[in-house]
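Novice: Below is the file structure11.cif, which contains mmCIF, C-alpha atoms.
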data_start
loop_
_atom_site.label_atom_id
_atom_site.label_comp_id
_atom_site.auth_asym_id
_atom_site.auth_seq_id
_atom_site.Cartn_x
_atom_site.Cartn_y
_atom_site.Cartn_z
CA MET A 1 -2.61 -14.50 -39.48
CA SER A 2 -5.46 -16.72 -38.42
CA ILE A 3 -7.30 -17.86 -35.34
CA THR A 4 -5.07 -20.18 -33.39
CA ALA A 5 -4.93 -21.97 -30.06
CA THR A 6 -3.76 -18.68 -28.60
CA LEU A 7 -7.49 -18.02 -28.46
CA ILE A 8 -7.92 -20.52 -25.63
CA GLY A 9 -5.21 -18.91 -23.58
CA GLN A 10 -6.70 -15.51 -24.17
CA ILE A 11 -10.17 -16.66 -23.14
CA ILE A 12 -8.80 -18.07 -19.89
CA THR A 13 -6.81 -14.90 -19.28
CA PHE A 14 -9.89 -12.84 -19.96
CA ALA A 15 -12.00 -14.87 -17.54
CA ILE A 16 -9.41 -14.59 -14.78
CA LEU A 17 -8.99 -10.88 -15.43
CA VAL A 18 -12.74 -10.24 -15.28
CA TRP A 19 -12.98 -12.19 -12.03
CA PHE A 20 -9.99 -10.41 -10.54
CA ILE A 21 -11.08 -6.93 -11.51
CA GLY A 22 -14.61 -7.64 -10.31
CA LYS A 23 -13.32 -8.81 -6.95
CA TYR A 24 -10.59 -6.30 -6.26
CA LEU A 25 -11.52 -3.17 -8.19
CA TRP A 26 -15.11 -3.00 -9.38
CA GLY A 27 -16.70 -4.45 -6.25
CA PRO A 28 -14.88 -2.41 -3.61
CA MET A 29 -14.82 0.73 -5.69
CA THR A 30 -18.50 0.81 -6.62
CA GLN A 31 -19.31 -0.09 -3.02
CA MET A 32 -17.15 2.77 -1.78
CA MET A 33 -18.61 5.21 -4.30
CA ASP A 34 -22.14 4.21 -3.32
CA ASP A 35 -21.28 4.59 0.34
CA ARG A 36 -19.79 7.98 -0.33
CA LYS A 37 -22.83 9.08 -2.30
CA LYS A 38 -25.04 7.96 0.56
CA ARG A 39 -22.89 9.71 3.12
CA ILE A 40 -22.95 12.95 1.17
CA ALA A 41 -26.72 12.74 0.83
CA ASP A 42 -27.05 11.94 4.53
CA GLY A 43 -24.74 14.80 5.43
CA LEU A 44 -26.74 17.27 3.36
CA ALA A 45 -29.97 16.02 4.90
CA ALA A 46 -28.46 16.29 8.37
CA ALA A 47 -27.33 19.84 7.66
CA GLU A 48 -30.82 20.73 6.49
CA ARG A 49 -32.29 19.16 9.61
CA GLY A 50 -29.76 20.98 11.77
CA ILE A 51 -30.74 24.35 10.32
CA HIS A 52 -34.39 23.56 10.93
CA GLU A 53 -33.70 22.45 14.49
CA GLN A 54 -31.68 25.55 15.16
CA GLU A 55 -34.56 27.71 14.04
CA LEU A 56 -36.90 25.82 16.33
CA ALA A 57 -34.47 26.11 19.22
CA GLU A 58 -34.12 29.82 18.68
CA GLN A 59 -37.86 30.24 18.75
CA LYS A 60 -38.07 28.16 21.89
CA ALA A 61 -35.30 30.13 23.56
CA ALA A 62 -37.02 33.42 22.78
CA GLN A 63 -40.23 32.03 24.24
CA HIS A 64 -38.40 30.93 27.38
CA ILE A 65 -36.76 34.31 27.82
CA LYS A 66 -40.07 36.06 27.47
CA GLU A 67 -41.69 33.81 30.06
CA ALA A 68 -38.79 34.23 32.44
CA LYS A 69 -38.96 38.00 32.16
CA GLU A 70 -42.66 37.94 32.94
CA GLN A 71 -42.09 35.69 35.93
CA ALA A 72 -39.31 37.88 37.22
CA ALA A 73 -41.47 40.99 37.01
CA GLU A 74 -44.24 39.21 38.85
CA ILE A 75 -41.91 38.02 41.60
CA LEU A 76 -40.46 41.48 41.95
CA ALA A 77 -43.90 43.04 42.35
CA GLN A 78 -44.85 40.46 44.95
CA ALA A 79 -41.64 41.02 46.85
CA GLN A 80 -42.13 44.76 46.90
CA LYS A 81 -45.66 44.32 48.15
CA ARG A 82 -44.49 41.95 50.84
CA ALA A 83 -41.73 44.31 51.90
CA ALA A 84 -44.18 47.15 52.31
CA GLU A 85 -46.38 44.90 54.38
CA ILE A 86 -43.51 43.87 56.60
CA ILE A 87 -42.47 47.46 57.15
CA GLU A 88 -46.00 48.39 58.06
CA GLU A 89 -46.30 45.50 60.49
CA ALA A 90 -42.97 46.38 62.06
CA LYS A 91 -44.06 49.95 62.50
CA ILE A 92 -47.24 48.88 64.31
CA ASP A 93 -45.37 46.41 66.49
CA ALA A 94 -42.76 48.96 67.42
CA LYS A 95 -45.36 51.51 68.34
CA ALA A 96 -47.18 49.04 70.58
CA GLU A 97 -43.99 47.91 72.20
CA GLY A 98 -42.93 51.50 72.82
CA GLU A 99 -46.21 52.33 74.41
CA ARG A 100 -46.04 49.25 76.57
CA LEU A 101 -42.53 50.15 77.70
CA ILE A 102 -43.57 53.72 78.48
CA THR A 103 -46.52 52.54 80.49
CA ALA A 104 -44.38 50.08 82.45
CA ALA A 105 -41.77 52.74 83.14
CA ASN A 106 -44.38 55.19 84.28
CA ALA A 107 -45.84 52.65 86.67
CA GLU A 108 -42.44 51.86 88.06
CA ILE A 109 -41.68 55.54 88.48
CA GLU A 110 -44.94 56.05 90.34
CA GLN A 111 -44.19 53.07 92.54
CA GLU A 112 -40.73 54.39 93.33
CA VAL A 113 -42.11 57.83 94.12
CA ASN A 114 -44.70 56.34 96.47
CA ARG A 115 -42.07 54.22 98.16
CA ALA A 116 -39.82 57.24 98.56
CA LYS A 117 -42.69 59.25 99.95
CA GLU A 118 -43.47 56.50 102.50
CA SER A 119 -39.89 56.23 103.65
CA LEU A 120 -39.50 60.00 103.79
CA ARG A 121 -42.65 60.24 105.84
CA ALA A 122 -41.36 57.64 108.26
CA GLN A 123 -38.02 59.39 108.53
CA VAL A 124 -39.66 62.77 109.07
CA VAL A 125 -41.74 61.29 111.89
CA ASP A 126 -38.60 59.87 113.44
CA ILE A 127 -36.73 63.15 113.09
CA THR A 128 -39.69 65.07 114.33
CA VAL A 129 -40.07 62.78 117.30
CA ALA A 130 -36.38 63.12 118.06
CA ALA A 131 -36.58 66.88 117.71
CA ALA A 132 -39.68 66.95 119.84
CA GLY A 133 -37.91 64.91 122.52
CA LYS A 134 -35.18 67.51 122.66
CA ILE A 135 -37.72 70.27 122.92
CA ILE A 136 -39.65 68.40 125.60
CA LYS A 137 -36.60 68.29 127.82
CA LYS A 138 -36.83 72.06 128.05
CA GLU A 139 -40.52 72.63 128.06
CA ILE A 140 -42.06 69.81 130.00
CA ASP A 141 -45.58 69.94 128.76
CA ALA A 142 -45.91 67.40 125.97
CA LYS A 143 -49.49 68.02 125.68
CA ALA A 144 -48.90 71.54 124.55
CA HIS A 145 -46.95 70.27 121.58
CA ASP A 146 -49.11 67.37 120.78
CA ASP A 147 -51.31 69.38 118.47
CA LEU A 148 -48.25 70.84 116.73
CA LEU A 149 -46.72 67.41 116.26
CA LYS A 150 -49.84 65.98 114.80
CA ASP A 151 -50.17 68.94 112.52
CA VAL A 152 -46.57 68.55 111.21
CA VAL A 153 -46.93 64.85 110.61
CA GLY A 154 -50.21 65.45 108.88
CA GLN A 155 -48.61 67.99 106.55
CA LEU A 156 -45.90 65.60 105.43
CA MET B 1 14.41 -6.27 -38.15
CA SER B 2 14.76 -2.55 -38.67
CA SER B 3 15.07 0.13 -41.26
CA SER B 4 18.36 -1.25 -42.48
CA THR B 5 16.40 -3.85 -44.37
CA ALA B 6 13.96 -1.27 -45.56
CA ASN B 7 16.91 0.73 -46.86
CA GLU B 8 16.93 -1.53 -49.83
CA ALA B 9 14.13 0.72 -50.97
CA SER B 10 10.72 -0.39 -52.06
CA GLY B 11 10.24 -3.69 -53.73
CA PRO B 12 11.10 -7.02 -52.12
CA GLY B 13 12.71 -5.31 -49.14
CA ALA B 14 9.63 -3.36 -48.20
CA VAL B 15 7.34 -6.33 -48.59
CA GLU B 16 9.69 -8.43 -46.57
CA TYR B 17 9.86 -5.77 -43.87
CA ILE B 18 6.12 -5.61 -43.55
CA GLN B 19 5.63 -9.34 -43.66
CA HIS B 20 8.31 -9.79 -41.06
CA HIS B 21 6.58 -7.33 -38.79
CA LEU B 22 3.25 -9.02 -39.19
CA HIS B 23 4.62 -12.43 -38.30
CA ASN B 24 3.79 -13.81 -34.88
CA ASN B 25 6.41 -15.48 -32.80
CA SER B 26 4.68 -18.80 -32.49
CA ILE B 27 5.19 -22.41 -31.63
CA GLY B 28 3.09 -25.23 -32.99
CA ASP B 29 2.59 -27.28 -36.09
CA GLY B 30 0.55 -24.79 -38.08
CA GLY B 31 -3.21 -24.75 -38.51
CA PHE B 32 -5.18 -24.16 -35.35
CA TRP B 33 -2.74 -25.67 -32.86
CA VAL B 34 -0.36 -22.75 -32.82
CA VAL B 35 0.44 -20.60 -29.82
CA ASN B 36 1.49 -17.04 -30.47
CA LEU B 37 3.98 -16.39 -27.73
CA ASP B 38 4.29 -12.67 -28.37
CA THR B 39 0.54 -12.15 -28.23
CA LEU B 40 0.28 -14.09 -25.01
CA PHE B 41 3.31 -12.38 -23.51
CA TYR B 42 2.11 -8.85 -24.12
CA SER B 43 -1.52 -9.49 -23.24
CA TRP B 44 -0.48 -11.27 -20.04
CA LEU B 45 1.93 -8.48 -19.22
CA LEU B 46 -0.84 -5.91 -19.62
CA ALA B 47 -3.30 -8.11 -17.73
CA GLY B 48 -0.71 -8.29 -14.95
CA VAL B 49 -0.37 -4.51 -14.97
CA LEU B 50 -4.14 -4.21 -14.73
CA MET B 51 -4.33 -6.74 -11.93
CA TYR B 52 -1.60 -4.95 -10.02
CA ILE B 53 -3.35 -1.61 -10.42
CA ALA B 54 -6.70 -3.12 -9.44
CA TRP B 55 -5.25 -4.91 -6.43
CA LYS B 56 -3.28 -1.90 -5.23
CA MET B 57 -6.11 0.54 -5.79
CA GLY B 58 -8.61 -1.77 -4.12
CA LYS B 59 -6.39 -1.80 -1.06
CA THR B 60 -5.38 1.83 -0.83
CA MET B 61 -8.46 3.68 -1.97
CA THR B 62 -10.21 5.92 0.51
CA ALA B 63 -13.59 7.54 0.39
CA GLU B 64 -12.42 10.74 2.04
CA THR B 65 -9.24 11.78 0.23
CA PRO B 66 -8.99 10.22 -3.22
CA SER B 67 -5.57 10.70 -4.77
CA GLY B 68 -4.63 11.08 -8.44
CA GLY B 69 -4.71 7.45 -9.54
CA GLN B 70 -7.87 6.77 -7.63
CA ASN B 71 -9.57 9.75 -9.25
CA VAL B 72 -8.70 8.45 -12.72
CA LEU B 73 -9.99 4.97 -11.96
CA GLU B 74 -13.08 6.34 -10.26
CA ALA B 75 -13.80 8.40 -13.36
CA ILE B 76 -13.44 5.30 -15.58
CA VAL B 77 -15.56 3.15 -13.25
CA GLU B 78 -18.20 5.83 -13.02
CA PHE B 79 -18.19 6.23 -16.81
CA VAL B 80 -18.67 2.49 -17.31
CA GLN B 81 -21.35 2.45 -14.62
CA GLN B 82 -23.18 5.27 -16.39
CA GLN B 83 -23.06 3.43 -19.72
CA ILE B 84 -24.47 0.31 -18.09
CA LYS B 85 -27.18 2.28 -16.34
CA ASP B 86 -28.18 3.92 -19.62
CA ILE B 87 -28.19 0.79 -21.75
CA PHE B 88 -28.54 -2.27 -19.59
CA PRO B 89 -31.98 -3.25 -18.34
CA GLY B 90 -32.13 -4.55 -14.80
CA SER B 91 -28.98 -5.43 -12.97
CA ASN B 92 -26.34 -8.11 -13.24
CA PRO B 93 -23.28 -8.39 -11.02
CA LEU B 94 -21.12 -9.63 -13.90
CA ILE B 95 -21.79 -6.89 -16.44
CA GLY B 96 -19.88 -4.18 -14.56
CA PRO B 97 -16.57 -5.98 -14.09
CA LEU B 98 -16.91 -7.42 -17.59
CA ALA B 99 -17.37 -4.06 -19.25
CA LEU B 100 -14.66 -2.43 -17.19
CA THR B 101 -12.20 -5.21 -17.92
CA ILE B 102 -12.92 -5.13 -21.65
CA PHE B 103 -12.50 -1.38 -21.75
CA MET B 104 -9.25 -1.24 -19.81
CA TRP B 105 -7.62 -4.36 -21.18
CA VAL B 106 -8.46 -3.63 -24.79
CA PHE B 107 -7.38 -0.05 -24.28
CA LEU B 108 -4.01 -1.11 -22.87
CA MET B 109 -3.47 -3.70 -25.62
CA ASN B 110 -4.37 -1.11 -28.24
CA THR B 111 -1.99 1.35 -26.62
CA MET B 112 0.92 -0.93 -27.55
CA ASP B 113 0.24 0.35 -31.06
CA LEU B 114 1.57 3.77 -30.07
CA ILE B 115 4.99 2.43 -29.20
CA PRO B 116 7.26 2.97 -32.23
CA VAL B 117 6.85 -0.05 -34.50
CA ASP B 118 10.50 -0.99 -34.59
CA LEU B 119 11.43 -0.35 -30.98
CA LEU B 120 10.39 -3.53 -29.21
CA PRO B 121 11.07 -5.89 -32.19
CA SER B 122 14.58 -4.39 -32.49
CA LEU B 123 15.20 -4.97 -28.81
CA GLY B 124 13.94 -8.51 -29.36
CA GLN B 125 16.47 -8.93 -32.17
CA LEU B 126 19.24 -8.03 -29.73
CA VAL B 127 18.34 -10.92 -27.44
CA GLY B 128 17.72 -13.30 -30.33
CA ILE B 129 13.95 -13.09 -30.74
CA HIS B 130 13.36 -12.85 -34.46
CA TYR B 131 9.65 -12.36 -34.71
CA MET B 132 7.61 -10.11 -32.51
CA LYS B 133 4.16 -8.67 -32.92
CA VAL B 134 3.74 -6.18 -30.16
CA VAL B 135 0.04 -5.35 -30.33
CA PRO B 136 -2.06 -8.28 -29.05
CA THR B 137 -5.24 -6.88 -30.61
CA THR B 138 -3.73 -7.20 -34.09
CA ASP B 139 -4.00 -10.93 -33.51
CA LEU B 140 -7.36 -12.41 -34.45
CA SER B 141 -6.94 -14.90 -31.60
CA THR B 142 -7.14 -12.11 -29.05
CA THR B 143 -10.06 -10.24 -30.54
CA PHE B 144 -12.01 -13.43 -31.09
CA ALA B 145 -11.17 -14.68 -27.61
CA LEU B 146 -12.97 -11.60 -26.30
CA ALA B 147 -15.75 -11.76 -28.87
CA LEU B 148 -16.42 -15.46 -28.33
CA SER B 149 -16.43 -15.02 -24.54
CA VAL B 150 -19.04 -12.33 -24.97
CA PHE B 151 -20.93 -14.57 -27.42
CA ALA B 152 -20.97 -17.39 -24.88
CA LEU B 153 -22.35 -15.00 -22.28
CA ILE B 154 -24.99 -13.79 -24.77
CA ILE B 155 -26.20 -17.34 -25.33
CA TYR B 156 -26.02 -18.15 -21.61
CA TYR B 157 -28.09 -15.15 -20.57
CA ASN B 158 -30.51 -15.60 -23.45
CA ILE B 159 -31.28 -19.09 -22.22
CA LYS B 160 -31.24 -18.06 -18.57
CA ILE B 161 -33.59 -15.11 -18.98
CA LYS B 162 -35.85 -16.23 -21.81
CA GLY B 163 -35.67 -19.93 -21.03
CA PRO B 164 -34.64 -22.57 -23.59
CA ILE B 165 -38.11 -22.42 -25.18
CA GLY B 166 -38.08 -18.65 -25.27
CA TYR B 167 -34.67 -18.68 -26.91
CA LEU B 168 -35.92 -21.17 -29.48
CA LYS B 169 -39.00 -19.05 -30.07
CA MET B 170 -36.74 -16.11 -30.76
CA PHE B 171 -35.20 -18.06 -33.63
CA LEU B 172 -38.56 -19.27 -34.90
CA PHE B 173 -40.77 -16.19 -34.74
CA HIS B 174 -38.34 -13.32 -34.98
CA PRO B 175 -38.31 -10.97 -36.86
CA PHE B 176 -41.15 -11.77 -39.28
CA GLY B 177 -43.74 -13.62 -37.19
CA LYS B 178 -44.98 -17.17 -37.40
CA TYR B 179 -45.64 -17.41 -41.15
CA LEU B 180 -42.02 -17.13 -42.20
CA ILE B 181 -40.34 -19.56 -39.83
CA PRO B 182 -37.54 -20.75 -42.19
CA VAL B 183 -36.63 -17.18 -43.04
CA ASN B 184 -36.77 -16.28 -39.39
CA ILE B 185 -34.34 -19.02 -38.44
CA ILE B 186 -31.83 -17.90 -41.03
CA MET B 187 -32.24 -14.23 -40.23
CA THR B 188 -31.90 -14.68 -36.49
CA ALA B 189 -28.96 -17.04 -36.84
CA ILE B 190 -27.17 -14.52 -39.04
CA GLU B 191 -28.05 -11.76 -36.62
CA GLU B 192 -26.68 -13.69 -33.67
CA ILE B 193 -23.53 -14.91 -35.38
CA ALA B 194 -22.86 -11.44 -36.73
CA LYS B 195 -22.48 -10.19 -33.18
CA PRO B 196 -19.23 -11.94 -32.24
CA VAL B 197 -17.90 -11.78 -35.80
CA SER B 198 -18.40 -8.04 -36.03
CA LEU B 199 -17.02 -7.51 -32.52
CA GLY B 200 -13.87 -9.47 -33.23
CA LEU B 201 -13.28 -8.27 -36.78
CA ARG B 202 -13.93 -4.61 -36.00
CA LEU B 203 -11.28 -4.42 -33.33
CA PHE B 204 -8.84 -6.56 -35.29
CA GLY B 205 -9.38 -4.59 -38.48
CA ASN B 206 -8.87 -1.22 -36.88
CA MET B 207 -5.78 -2.22 -34.99
CA PHE B 208 -4.27 -4.19 -37.85
CA ALA B 209 -4.82 -1.36 -40.30
CA GLY B 210 -3.39 1.13 -37.82
CA GLU B 211 -0.31 -1.01 -37.35
CA LEU B 212 0.07 -1.43 -41.10
CA ILE B 213 -0.03 2.29 -41.64
CA PHE B 214 2.59 2.78 -38.94
CA LEU B 215 4.74 0.27 -40.80
CA LEU B 216 4.26 2.08 -44.10
CA ILE B 217 5.16 5.38 -42.49
CA ALA B 218 8.25 3.75 -40.99
CA LEU B 219 9.21 2.54 -44.48
CA LEU B 220 9.01 6.09 -45.75
CA GLY B 221 11.91 7.20 -43.58
CA GLY B 222 13.87 4.08 -44.30
CA ALA B 223 13.58 4.51 -48.08
CA SER B 224 15.67 7.65 -48.27
CA LEU B 225 16.87 10.61 -46.29
CA PHE B 226 14.21 12.76 -47.94
CA GLY B 227 11.61 10.52 -46.48
CA LEU B 228 12.65 11.33 -42.93
CA LEU B 229 10.71 14.55 -42.70
CA PRO B 230 7.42 13.13 -44.02
CA GLN B 231 7.93 10.13 -41.77
CA ILE B 232 8.12 12.33 -38.69
CA ALA B 233 5.19 14.47 -39.76
CA LEU B 234 2.97 11.58 -40.82
CA GLY B 235 4.00 9.40 -37.91
CA THR B 236 3.13 12.12 -35.42
CA ALA B 237 -0.18 12.88 -37.10
CA TRP B 238 -1.16 9.23 -37.32
CA ALA B 239 -0.11 8.56 -33.72
CA ILE B 240 -2.19 11.46 -32.45
CA PHE B 241 -5.14 10.31 -34.53
CA HIS B 242 -4.56 6.80 -33.31
CA ILE B 243 -4.99 7.84 -29.68
CA LEU B 244 -8.58 8.51 -30.65
CA VAL B 245 -8.87 5.21 -32.52
CA ILE B 246 -7.58 3.00 -29.72
CA THR B 247 -9.81 4.65 -27.13
CA LEU B 248 -12.79 4.54 -29.44
CA GLN B 249 -12.29 0.88 -30.32
CA ALA B 250 -12.00 -0.08 -26.65
CA PHE B 251 -15.11 1.94 -25.92
CA ILE B 252 -17.07 0.44 -28.83
CA PHE B 253 -16.16 -3.08 -27.81
CA MET B 254 -17.33 -2.38 -24.27
CA LEU B 255 -20.48 -0.62 -25.41
CA LEU B 256 -21.51 -3.35 -27.83
CA THR B 257 -20.89 -5.96 -25.15
CA ILE B 258 -23.28 -4.11 -22.86
CA VAL B 259 -25.79 -3.69 -25.67
CA TYR B 260 -25.70 -7.35 -26.70
CA LEU B 261 -25.95 -8.61 -23.14
CA GLY B 262 -28.73 -6.09 -22.53
CA MET B 263 -30.61 -7.53 -25.50
CA ALA B 264 -30.09 -11.01 -24.07
CA HIS B 265 -31.66 -9.80 -20.82
CA GLN B 266 -34.80 -8.48 -22.44
CA ASP B 267 -37.84 -10.66 -22.54
CA ILE B 268 -38.84 -11.77 -26.00
CA GLU B 269 -41.19 -9.43 -27.75
CA GLU B 270 -44.26 -10.95 -29.34
CA HIS B 271 -44.86 -10.70 -33.07
#
Show the structure stored in the file as structure tokens.

Specialist:
Amino acid sequence: MSITATLIGQIITFAILVWFIGKYLWGPMTQMMDDRKKRIADGLAAAERGIHEQELAEQKAAQHIKEAKEQAAEILAQAQKRAAEIIEEAKIDAKAEGERLITAANAEIEQEVNRAKESLRAQVVDITVAAAGKIIKKEIDAKAHDDLLKDVVGQL
Amino acid sequence: MSSSTANEASGPGAVEYIQHHLHNNSIGDGGFWVVNLDTLFYSWLLAGVLMYIAWKMGKTMTAETPSGGQNVLEAIVEFVQQQIKDIFPGSNPLIGPLALTIFMWVFLMNTMDLIPVDLLPSLGQLVGIHYMKVVPTTDLSTTFALALSVFALIIYYNIKIKGPIGYLKMFLFHPFGKYLIPVNIIMTAIEEIAKPVSLGLRLFGNMFAGELIFLLIALLGGASLFGLLPQIALGTAWAIFHILVITLQAFIFMLLTIVYLGMAHQDIEEH
């Protein structure tokens, strides 16, 4: 029971073991644990940020909805106003057009009536002349009927 | 050798039994140039186990889903890391692996103490090995190998951090200031040399005494049939208590290593 050369072997073993454990266990494991710690911290921070951003987004969305509603109401009012205007305009146009049509029709009717009157008059003259001719064959004096003829034609 | 020898009751038989158990299986011509094969075998075996665990765990560990073994090792690594953070000033890439290795290797070597004292030597007898000391830390060579390695690192870092002059100054002006230089040299030298000596002897003493008590308890049962019951009771009690001792000794060795190296890393204080 004393210190022997075994000591040298044990020192070498110890050195190798320290190196080995440092390289394959301590190094990777502490690295991994640090990484994990960092990732957890990052994750928590990200979650915190996410909650904050969500709040902001909600506020923004509410703002947008409010604005949109206002715009919609405005557009609706404008549209209604415009529709009323259009209806009014259409009414005026229609009235004018109607009047124009009536006037035109009336003129045409008058024209037709005049034309009919003219042709009737001409026909009556012809008929009258023909009838007069027949009468003349019996009663020779044309002069006697001349006044009558003129009177008839004038009445037509 | 087993209880059959111890059956010859106390007296020469018992002494012989104990002496036989405390004899290393060694080659060499006596004196310093002796190699204790059993010590080397068991410490290398345990170092191999550690290396295998370290290598396998380093390859298979995952950050997301740590399994049982990884959790245990992570707990140990984190524990060692915490100790270093509490005690060690600054940072040093060597101190972590060093402390972890000391803790785990010493712990495993100490754990050999819990294996029944006669089991492995008896198996050795069967294959013709006559002497076998199972616990490597009951060999001064092992404990001083660790202690002297740490001592070398203490000196190395003292010189590296404080500078050769600073280290010399520590011997000259510490602890009593510049008027008591001869006393200072002696005091500091004793202080420094006490570090490895106490490290090595503390571990050796605890483990050796523990082993000795296991042997005495084993003798109790071998002496007579009436001794069987006390042997079981005492053996169980001592083994349970010893779980504490082996863990504590491994922890103390690690802790003192960190403390000593931490002291080596501190700048010299002026007196």

Novice: Counting all atoms listed in the file, which residues of chain B come no farther than 6 Å from chain A, as a ChimeraX atom specification?

Specialist: /B:32-36,54-55,58,97-98,101,140-142,145

Novice: Go through B:Ala194, B:Leu40, B:Ile18, B:Leu146 and flag the residue nearest B:Ile213, using only C-alpha atoms for the distances.

Specialist: B:Ile18

Novice: Please evaluate the PyMOL selection byres ((chain B and resi 154-160) around 9) against the structure above and give the resulting residues as a list of chain:residue names.

Specialist: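 Residues picked by the PyMOL selection byres ((chain B and resi 154-160) around 9): B:Ser149, B:Val150, B:Phe151, B:Ala152, B:Leu153, B:Ile161, B:Lys162, B:Gly163, B:Pro164, B:Ile165, B:Gly166, B:Tyr167, B:Leu168, B:Thr257, B:Tyr260, B:Leu261, B:Gly262, B:Met263, B:Ala264, B:His265, B:Gln266, B:Asp267.
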
Novice: One decimal, in Å: what's the spacing between atom CA of B:Phe107 and atom CA of B:Ala250?

Specialist: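 One can read the atom CA of B:Phe107 to atom CA of B:Ala250 distance as 5.2 Å.
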
Novice: Might you spell out which residues the PyMOL selection byres ((chain B and resi 78) around 12) would select in the displayed file, as a ChimeraX atom specification?

Specialist: /A:26,29-34 /B:70-77,79-85,96-97,99-100

Novice: Atom CA of B:Asn24 to atom CA of B:Thr137: how many Å, to one decimal?

Specialist: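 These atoms are spaced 12.2 Å apart.
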
Novice: Atom CA of B:Phe253 and atom CA of B:Leu22, how far apart in Å?

Specialist: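 That distance, rounded to one decimal, is 23.3 Å.
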
Novice: Which one of B:Leu123, B:Leu114, B:Leu172, B:Leu216 sits closest to B:Leu234 if you count all atoms listed in the file?

Specialist: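 Residue with the minimum atom-to-atom distance to B:Leu234: B:Leu216.
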
Novice: Once the PyMOL selection byres ((chain B and resi 205-208) around 10) has been applied to the shown file, what residues remain in the selection, as a list in words?

Specialist: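 Going through the file, the PyMOL selection byres ((chain B and resi 205-208) around 10) ends up selecting Leu22, Met109, Asn110, Thr111, Asp113, Val135, Pro136, Thr137, Thr138, Asp139, Leu140, Thr143, Ser198, Gly200, Leu201, Arg202, Leu203, Phe204, Ala209, Gly210, Glu211, Leu212, Ile213, Phe214, His242, Val245, Ile246 and Gln249 of chain B.
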
Novice: Restricting the output to C-alpha atoms, write the selected residues as a PDB file, in the frame of the given file.

Specialist:
ATOM      1  CA  LEU B  22       3.250  -9.020 -39.190  1.00  0.00           C
ATOM      2  CA  MET B 109      -3.470  -3.700 -25.620  1.00  0.00           C
ATOM      3  CA  ASN B 110      -4.370  -1.110 -28.240  1.00  0.00           C
ATOM      4  CA  THR B 111      -1.990   1.350 -26.620  1.00  0.00           C
ATOM      5  CA  ASP B 113       0.240   0.350 -31.060  1.00  0.00           C
ATOM      6  CA  VAL B 135       0.040  -5.350 -30.330  1.00  0.00           C
ATOM      7  CA  PRO B 136      -2.060  -8.280 -29.050  1.00  0.00           C
ATOM      8  CA  THR B 137      -5.240  -6.880 -30.610  1.00  0.00           C
ATOM      9  CA  THR B 138      -3.730  -7.200 -34.090  1.00  0.00           C
ATOM     10  CA  ASP B 139      -4.000 -10.930 -33.510  1.00  0.00           C
ATOM     11  CA  LEU B 140      -7.360 -12.410 -34.450  1.00  0.00           C
ATOM     12  CA  THR B 143     -10.060 -10.240 -30.540  1.00  0.00           C
ATOM     13  CA  SER B 198     -18.400  -8.040 -36.030  1.00  0.00           C
ATOM     14  CA  GLY B 200     -13.870  -9.470 -33.230  1.00  0.00           C
ATOM     15  CA  LEU B 201     -13.280  -8.270 -36.780  1.00  0.00           C
ATOM     16  CA  ARG B 202     -13.930  -4.610 -36.000  1.00  0.00           C
ATOM     17  CA  LEU B 203     -11.280  -4.420 -33.330  1.00  0.00           C
ATOM     18  CA  PHE B 204      -8.840  -6.560 -35.290  1.00  0.00           C
ATOM     19  CA  ALA B 209      -4.820  -1.360 -40.300  1.00  0.00           C
ATOM     20  CA  GLY B 210      -3.390   1.130 -37.820  1.00  0.00           C
ATOM     21  CA  GLU B 211      -0.310  -1.010 -37.350  1.00  0.00           C
ATOM     22  CA  LEU B 212       0.070  -1.430 -41.100  1.00  0.00           C
ATOM     23  CA  ILE B 213      -0.030   2.290 -41.640  1.00  0.00           C
ATOM     24  CA  PHE B 214       2.590   2.780 -38.940  1.00  0.00           C
ATOM     25  CA  HIS B 242      -4.560   6.800 -33.310  1.00  0.00           C
ATOM     26  CA  VAL B 245      -8.870   5.210 -32.520  1.00  0.00           C
ATOM     27  CA  ILE B 246      -7.580   3.000 -29.720  1.00  0.00           C
ATOM     28  CA  GLN B 249     -12.290   0.880 -30.320  1.00  0.00           C
TER      29      GLN B 249
END

Novice: For B:Thr188, list every protein, DNA or RNA residue within 8 Å, evaluated using only C-alpha atoms, and leave out those in the same chain fewer than 2 positions away; present the list as a PyMOL selection string.

Specialist: chain B and resi 170-171+174-175+184-186+190-192

Novice: Kindly reconstruct stretch 112-116 of chain A with N, CA and C atoms and present the result as a tab-separated table (two decimals), keeping the file's coordinate frame.

Specialist:
chain	number	residue	atom	x	y	z
A	112	GLU	N	-41.94	53.91	92.65
A	112	GLU	CA	-40.73	54.39	93.33
A	112	GLU	C	-41.05	55.67	94.12
A	113	VAL	N	-41.77	56.55	93.49
A	113	VAL	CA	-42.11	57.83	94.12
A	113	VAL	C	-42.90	57.58	95.42
A	114	ASN	N	-43.88	56.65	95.30
A	114	ASN	CA	-44.70	56.34	96.47
A	114	ASN	C	-43.85	55.80	97.59
A	115	ARG	N	-42.93	54.83	97.16
A	115	ARG	CA	-42.07	54.22	98.16
A	115	ARG	C	-41.23	55.30	98.84
A	116	ALA	N	-40.65	56.17	98.02
A	116	ALA	CA	-39.82	57.24	98.56
A	116	ALA	C	-40.62	58.13	99.53
